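> File input-v4.cif below, mmCIF, C-alpha atoms, pLDDT in the B column; chains and numbers go by the auth columns:
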```cif
data_run
#
loop_
_atom_site.group_PDB
_atom_site.id
_atom_site.type_symbol
_atom_site.label_atom_id
_atom_site.label_comp_id
_atom_site.label_asym_id
_atom_site.label_seq_id
_atom_site.Cartn_x
_atom_site.Cartn_y
_atom_site.Cartn_z
_atom_site.B_iso_or_equiv
_atom_site.auth_seq_id
_atom_site.auth_asym_id
ATOM 1 C CA MET A 1 84.147 -21.776 8.563 45.00 250 H
ATOM 2 C CA ALA A 2 86.142 -24.885 9.258 52.00 251 H
ATOM 3 C CA ASP A 3 89.839 -24.486 9.875 52.00 252 H
ATOM 4 C CA GLY A 4 91.976 -26.406 7.404 57.00 253 H
ATOM 5 C CA GLY A 5 95.096 -26.227 9.475 55.00 254 H
ATOM 6 C CA GLY A 6 97.321 -23.283 10.142 63.00 255 H
ATOM 7 C CA GLY A 7 94.319 -21.286 11.352 79.00 256 H
ATOM 8 C CA VAL A 8 92.988 -20.599 7.837 86.00 257 H
ATOM 9 C CA PRO A 9 89.181 -20.901 7.464 89.00 258 H
ATOM 10 C CA GLU A 10 88.191 -23.130 4.537 94.00 259 H
ATOM 11 C CA LYS A 11 85.231 -23.711 2.272 96.00 260 H
ATOM 12 C CA VAL A 12 84.678 -26.632 -0.108 98.00 261 H
ATOM 13 C CA ALA A 13 83.009 -25.269 -3.253 98.00 262 H
ATOM 14 C CA TRP A 14 81.352 -26.607 -6.402 98.00 263 H
ATOM 15 C CA VAL A 15 82.304 -25.164 -9.779 98.00 264 H
ATOM 16 C CA LEU A 16 79.653 -25.945 -12.407 98.00 265 H
ATOM 17 C CA VAL A 17 80.136 -24.423 -15.858 98.00 266 H
ATOM 18 C CA ARG A 18 77.551 -24.580 -18.648 97.00 267 H
ATOM 19 C CA GLY A 19 77.668 -22.732 -21.927 96.00 268 H
ATOM 20 C CA GLY A 20 80.456 -20.407 -20.839 97.00 269 H
ATOM 21 C CA ARG A 21 78.687 -19.427 -17.609 98.00 270 H
ATOM 22 C CA VAL A 22 79.293 -20.559 -14.049 98.00 271 H
ATOM 23 C CA LEU A 23 76.750 -21.319 -11.328 98.00 272 H
ATOM 24 C CA VAL A 24 76.718 -19.008 -8.309 98.00 273 H
ATOM 25 C CA THR A 25 74.301 -18.589 -5.423 98.00 274 H
ATOM 26 C CA ARG A 26 73.198 -15.756 -3.171 97.00 275 H
ATOM 27 C CA SER A 27 72.211 -16.298 0.442 96.00 276 H
ATOM 28 C CA HIS A 28 69.255 -14.548 2.040 96.00 277 H
ATOM 29 C CA GLY A 29 70.268 -11.117 3.337 95.00 278 H
ATOM 30 C CA ARG A 30 73.408 -10.844 1.183 94.00 279 H
ATOM 31 C CA ASP A 31 74.151 -8.846 -1.947 95.00 280 H
ATOM 32 C CA ARG A 32 77.158 -10.814 -3.219 95.00 281 H
ATOM 33 C CA PHE A 33 77.017 -14.162 -4.972 97.00 282 H
ATOM 34 C CA TYR A 34 79.259 -17.090 -4.036 97.00 283 H
ATOM 35 C CA PHE A 35 80.083 -20.526 -5.333 98.00 284 H
ATOM 36 C CA PRO A 36 77.797 -23.118 -3.738 98.00 285 H
ATOM 37 C CA GLY A 37 79.346 -25.193 -0.966 98.00 286 H
ATOM 38 C CA GLY A 38 80.387 -24.671 2.605 97.00 287 H
ATOM 39 C CA ARG A 39 82.463 -25.675 5.572 96.00 288 H
ATOM 40 C CA ARG A 40 83.302 -29.183 6.675 95.00 289 H
ATOM 41 C CA GLU A 41 81.618 -30.707 9.681 94.00 290 H
ATOM 42 C CA ALA A 42 83.827 -32.595 12.139 92.00 291 H
ATOM 43 C CA GLY A 43 85.427 -35.609 10.486 95.00 292 H
ATOM 44 C CA GLU A 44 84.069 -34.916 6.995 97.00 293 H
ATOM 45 C CA SER A 45 86.126 -35.303 3.838 97.00 294 H
ATOM 46 C CA ASP A 46 85.891 -32.807 0.980 97.00 295 H
ATOM 47 C CA ARG A 47 83.656 -35.274 -0.899 97.00 296 H
ATOM 48 C CA GLU A 48 81.279 -35.706 2.016 98.00 297 H
ATOM 49 C CA THR A 49 81.158 -31.954 2.570 98.00 298 H
ATOM 50 C CA LEU A 50 80.363 -31.143 -1.041 98.00 299 H
ATOM 51 C CA VAL A 51 77.675 -33.830 -1.319 98.00 300 H
ATOM 52 C CA ARG A 52 75.980 -32.621 1.886 98.00 301 H
ATOM 53 C CA GLU A 53 76.246 -28.901 1.143 98.00 302 H
ATOM 54 C CA ILE A 54 74.896 -29.136 -2.413 98.00 303 H
ATOM 55 C CA ASP A 55 71.994 -31.273 -1.227 98.00 304 H
ATOM 56 C CA GLU A 56 71.227 -28.705 1.484 97.00 305 H
ATOM 57 C CA GLU A 57 71.654 -25.608 -0.708 97.00 306 H
ATOM 58 C CA LEU A 58 70.380 -26.729 -4.120 98.00 307 H
ATOM 59 C CA ARG A 59 68.565 -30.028 -3.535 97.00 308 H
ATOM 60 C CA ALA A 60 70.811 -31.748 -6.066 97.00 309 H
ATOM 61 C CA GLU A 61 72.820 -34.943 -5.689 98.00 310 H
ATOM 62 C CA ILE A 62 76.550 -34.677 -6.399 98.00 311 H
ATOM 63 C CA ASP A 63 78.177 -37.786 -7.867 98.00 312 H
ATOM 64 C CA PRO A 64 81.174 -38.074 -5.521 96.00 313 H
ATOM 65 C CA HIS A 65 83.028 -40.355 -7.963 97.00 314 H
ATOM 66 C CA SER A 66 82.980 -37.629 -10.625 98.00 315 H
ATOM 67 C CA MET A 67 84.598 -34.982 -8.400 98.00 316 H
ATOM 68 C CA VAL A 68 87.760 -33.425 -9.848 98.00 317 H
ATOM 69 C CA HIS A 69 89.832 -30.870 -7.963 98.00 318 H
ATOM 70 C CA PHE A 70 89.768 -27.643 -9.989 98.00 319 H
ATOM 71 C CA GLY A 71 92.018 -25.648 -7.698 98.00 320 H
ATOM 72 C CA THR A 72 92.589 -24.219 -4.240 98.00 321 H
ATOM 73 C CA PHE A 73 92.340 -20.449 -3.975 97.00 322 H
ATOM 74 C CA GLU A 74 93.462 -18.382 -1.032 93.00 323 H
ATOM 75 C CA ILE A 75 93.516 -14.788 0.099 89.00 324 H
ATOM 76 C CA GLY A 76 96.003 -13.820 2.744 81.00 325 H
ATOM 77 C CA GLU A 77 96.015 -12.170 6.099 77.00 326 H
ATOM 78 C CA GLY A 78 95.049 -8.514 6.022 65.00 327 H
ATOM 79 C CA HIS A 79 92.967 -8.678 2.839 64.00 328 H
ATOM 80 C CA PRO A 80 90.425 -5.840 2.993 66.00 329 H
ATOM 81 C CA GLU A 81 87.440 -8.099 2.214 67.00 330 H
ATOM 82 C CA HIS A 82 88.248 -10.918 4.609 69.00 331 H
ATOM 83 C CA GLY A 83 91.381 -12.878 5.106 73.00 332 H
ATOM 84 C CA PRO A 84 92.903 -15.243 5.482 88.00 333 H
ATOM 85 C CA PHE A 85 90.529 -17.581 3.659 89.00 334 H
ATOM 86 C CA ARG A 86 90.930 -20.705 1.510 95.00 335 H
ATOM 87 C CA MET A 87 88.446 -22.178 -0.972 97.00 336 H
ATOM 88 C CA ILE A 88 88.937 -25.707 -2.292 98.00 337 H
ATOM 89 C CA CYS A 89 87.063 -26.065 -5.584 98.00 338 H
ATOM 90 C CA TYR A 90 85.769 -29.155 -7.352 98.00 339 H
ATOM 91 C CA THR A 91 83.888 -29.864 -10.524 98.00 340 H
ATOM 92 C CA ALA A 92 81.400 -32.727 -10.360 98.00 341 H
ATOM 93 C CA ASP A 93 78.411 -34.225 -12.116 98.00 342 H
ATOM 94 C CA HIS A 94 75.033 -34.057 -10.435 98.00 343 H
ATOM 95 C CA ARG A 95 71.502 -35.426 -10.593 97.00 344 H
ATOM 96 C CA GLY A 96 68.358 -33.408 -10.020 96.00 345 H
ATOM 97 C CA GLU A 97 67.203 -29.881 -10.644 96.00 346 H
ATOM 98 C CA LEU A 98 69.159 -27.062 -9.043 98.00 347 H
ATOM 99 C CA THR A 99 66.558 -25.654 -6.666 97.00 348 H
ATOM 100 C CA PRO A 100 67.604 -23.022 -4.109 97.00 349 H
ATOM 101 C CA SER A 101 66.875 -24.234 -0.583 95.00 350 H
ATOM 102 C CA ARG A 102 67.510 -23.289 3.045 89.00 351 H
ATOM 103 C CA GLU A 103 69.822 -20.262 3.214 93.00 352 H
ATOM 104 C CA ILE A 104 69.999 -19.847 -0.585 97.00 353 H
ATOM 105 C CA ALA A 105 67.758 -17.080 -1.920 97.00 354 H
ATOM 106 C CA GLU A 106 68.660 -17.497 -5.592 97.00 355 H
ATOM 107 C CA LYS A 107 70.963 -19.092 -8.112 98.00 356 H
ATOM 108 C CA ALA A 108 72.419 -17.399 -11.183 98.00 357 H
ATOM 109 C CA TRP A 109 74.681 -18.173 -14.131 98.00 358 H
ATOM 110 C CA PHE A 110 77.470 -15.601 -14.438 98.00 359 H
ATOM 111 C CA ARG A 111 79.935 -14.753 -17.186 98.00 360 H
ATOM 112 C CA HIS A 112 83.409 -13.405 -16.484 98.00 361 H
ATOM 113 C CA ALA A 113 82.018 -9.866 -16.872 97.00 362 H
ATOM 114 C CA ASP A 114 79.872 -10.463 -13.757 98.00 363 H
ATOM 115 C CA ARG A 115 82.902 -11.138 -11.523 96.00 364 H
ATOM 116 C CA ASP A 116 82.466 -7.830 -9.666 96.00 365 H
ATOM 117 C CA ARG A 117 79.305 -9.308 -8.095 97.00 366 H
ATOM 118 C CA VAL A 118 81.214 -12.073 -6.246 96.00 367 H
ATOM 119 C CA SER A 119 83.742 -12.171 -3.393 91.00 368 H
ATOM 120 C CA ALA A 120 87.500 -11.679 -3.844 90.00 369 H
ATOM 121 C CA VAL A 121 88.326 -15.379 -3.626 93.00 370 H
ATOM 122 C CA ASP A 122 85.494 -16.225 -6.028 95.00 371 H
ATOM 123 C CA ARG A 123 86.935 -13.692 -8.505 96.00 372 H
ATOM 124 C CA MET A 124 90.160 -15.713 -8.469 96.00 373 H
ATOM 125 C CA VAL A 125 88.173 -18.773 -9.599 98.00 374 H
ATOM 126 C CA PHE A 126 86.433 -16.721 -12.306 98.00 375 H
ATOM 127 C CA ASP A 127 89.857 -15.665 -13.617 98.00 376 H
ATOM 128 C CA ALA A 128 91.144 -19.263 -13.564 98.00 377 H
ATOM 129 C CA LEU A 129 88.053 -20.452 -15.459 98.00 378 H
ATOM 130 C CA ARG A 130 88.552 -17.717 -18.045 97.00 379 H
ATOM 131 C CA GLY A 131 92.239 -18.607 -18.353 97.00 380 H
ATOM 132 C CA ALA A 132 91.254 -22.230 -18.975 96.00 381 H
ATOM 133 C CA GLY A 133 88.875 -21.117 -21.752 96.00 382 H
ATOM 134 C CA ARG A 134 85.790 -22.292 -19.860 96.00 383 H
ATOM 135 C CA LEU A 135 84.170 -18.956 -18.982 96.00 384 H
ATOM 136 C CA SER A 136 83.045 -16.408 -21.547 93.00 385 H
#
```
Can you present the structure in this file as structure tokens?


Amino acid sequence: MADGGGGVPEKVAWVLVRGGRVLVTRSHGRDRFYFPGGRREAGESDRETLVREIDEELRAEIDPHSMVHFGTFEIGEGHPEHGPFRMICYTADHRGELTPSREIAEKAWFRHADRDRVSAVDRMVFDALRGAGRLS
């Protein structure tokens, strides 16, 4: 993962909610689901990272002008799952079907009740979505 300063690995993630469910993906060889997105390449902005990662993972085109920062979520040093770690989340419109590609084995639409199937930092986003009345 890219380091966002201060030695904390970062991921730029896409939060797409439809009908009270949120989009998550599972990589080949993994059991847990995660928000789509990934690490920055050298010199990339968050917008460039999200556009590239979603194209690579789901063959969809993010509209970079529609991106809105949803929140930045972080787990600290010594967390039993993995820490420290920071995830910078954006909502955004897209064009194209959401078709798993490359390292993505499958996509799913989860409710808040499915939060035990995602990572610790992803659970924080699930809770924030529920608190905002966007996740059933």

> Taking all atoms listed in the file into account, which of H:Ala354, H:Tyr283, H:Asp312, H:Ser385 comes nearest H:Met373?

H:Tyr283

> Measuring atom to atom with all atoms listed in the file, identify which of H:Val261, H:Ile324, H:Leu384, H:Ala369 is nearest to H:Glu297.

H:Val261

> Using the chain letters and numbers from the file, which residues does the PyMOL selection byres ((chain H and resi 284-294) around 8) grab, as an MDAnalysis selection string?

chainID H and resid 250:251 259:264 272:274 282:283 295:299 302:303 306 371

> Counting only C-alpha atoms, which of H:His343, H:Gly325, H:Pro333, H:Arg379 gets nearest to H:Glu310?

H:His343

> Between atom CA of H:Val300 and atom CA of H:Glu326, what is the distance in Å, rounded to a tenth?

29.3 Å

> Quick one: residues within 10 Å of H:Ile353, all atoms listed in the file counted, chain neighbours fewer than 4 positions away excluded, as an MDAnalysis selection string?

chainID H and resid 274:279 285 305:307 348:349

> Which residues are near H:Phe322? Cut-off 8 Å, all atoms listed in the file, ignore same chain within fewer than 6 positions. Put them as a PDB file with C-alpha atoms, in the frame of the given file.


```
ATOM      1  CA  ARG H 335      90.930 -20.705   1.510  1.00 95.00           C
ATOM      2  CA  MET H 336      88.446 -22.178  -0.972  1.00 97.00           C
ATOM      3  CA  ILE H 337      88.937 -25.707  -2.292  1.00 98.00           C
ATOM      4  CA  CYS H 338      87.063 -26.065  -5.584  1.00 98.00           C
ATOM      5  CA  VAL H 370      88.326 -15.379  -3.626  1.00 93.00           C
ATOM      6  CA  MET H 373      90.160 -15.713  -8.469  1.00 96.00           C
ATOM      7  CA  VAL H 374      88.173 -18.773  -9.599  1.00 98.00           C
TER       8      VAL H 374
END
```

> Which distance in Å separates atom CA of H:Arg270 and atom CA of H:Ala309, to one decimal?

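Interatomic distance here is 18.6 Å.
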
> Restricting the calculation to all atoms listed in the file, which member of H:Val266, H:Glu346, H:Phe334, H:Arg308 is positioned closest to H:His361?

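Residue with the minimum atom-to-atom distance to H:His361: H:Val266.
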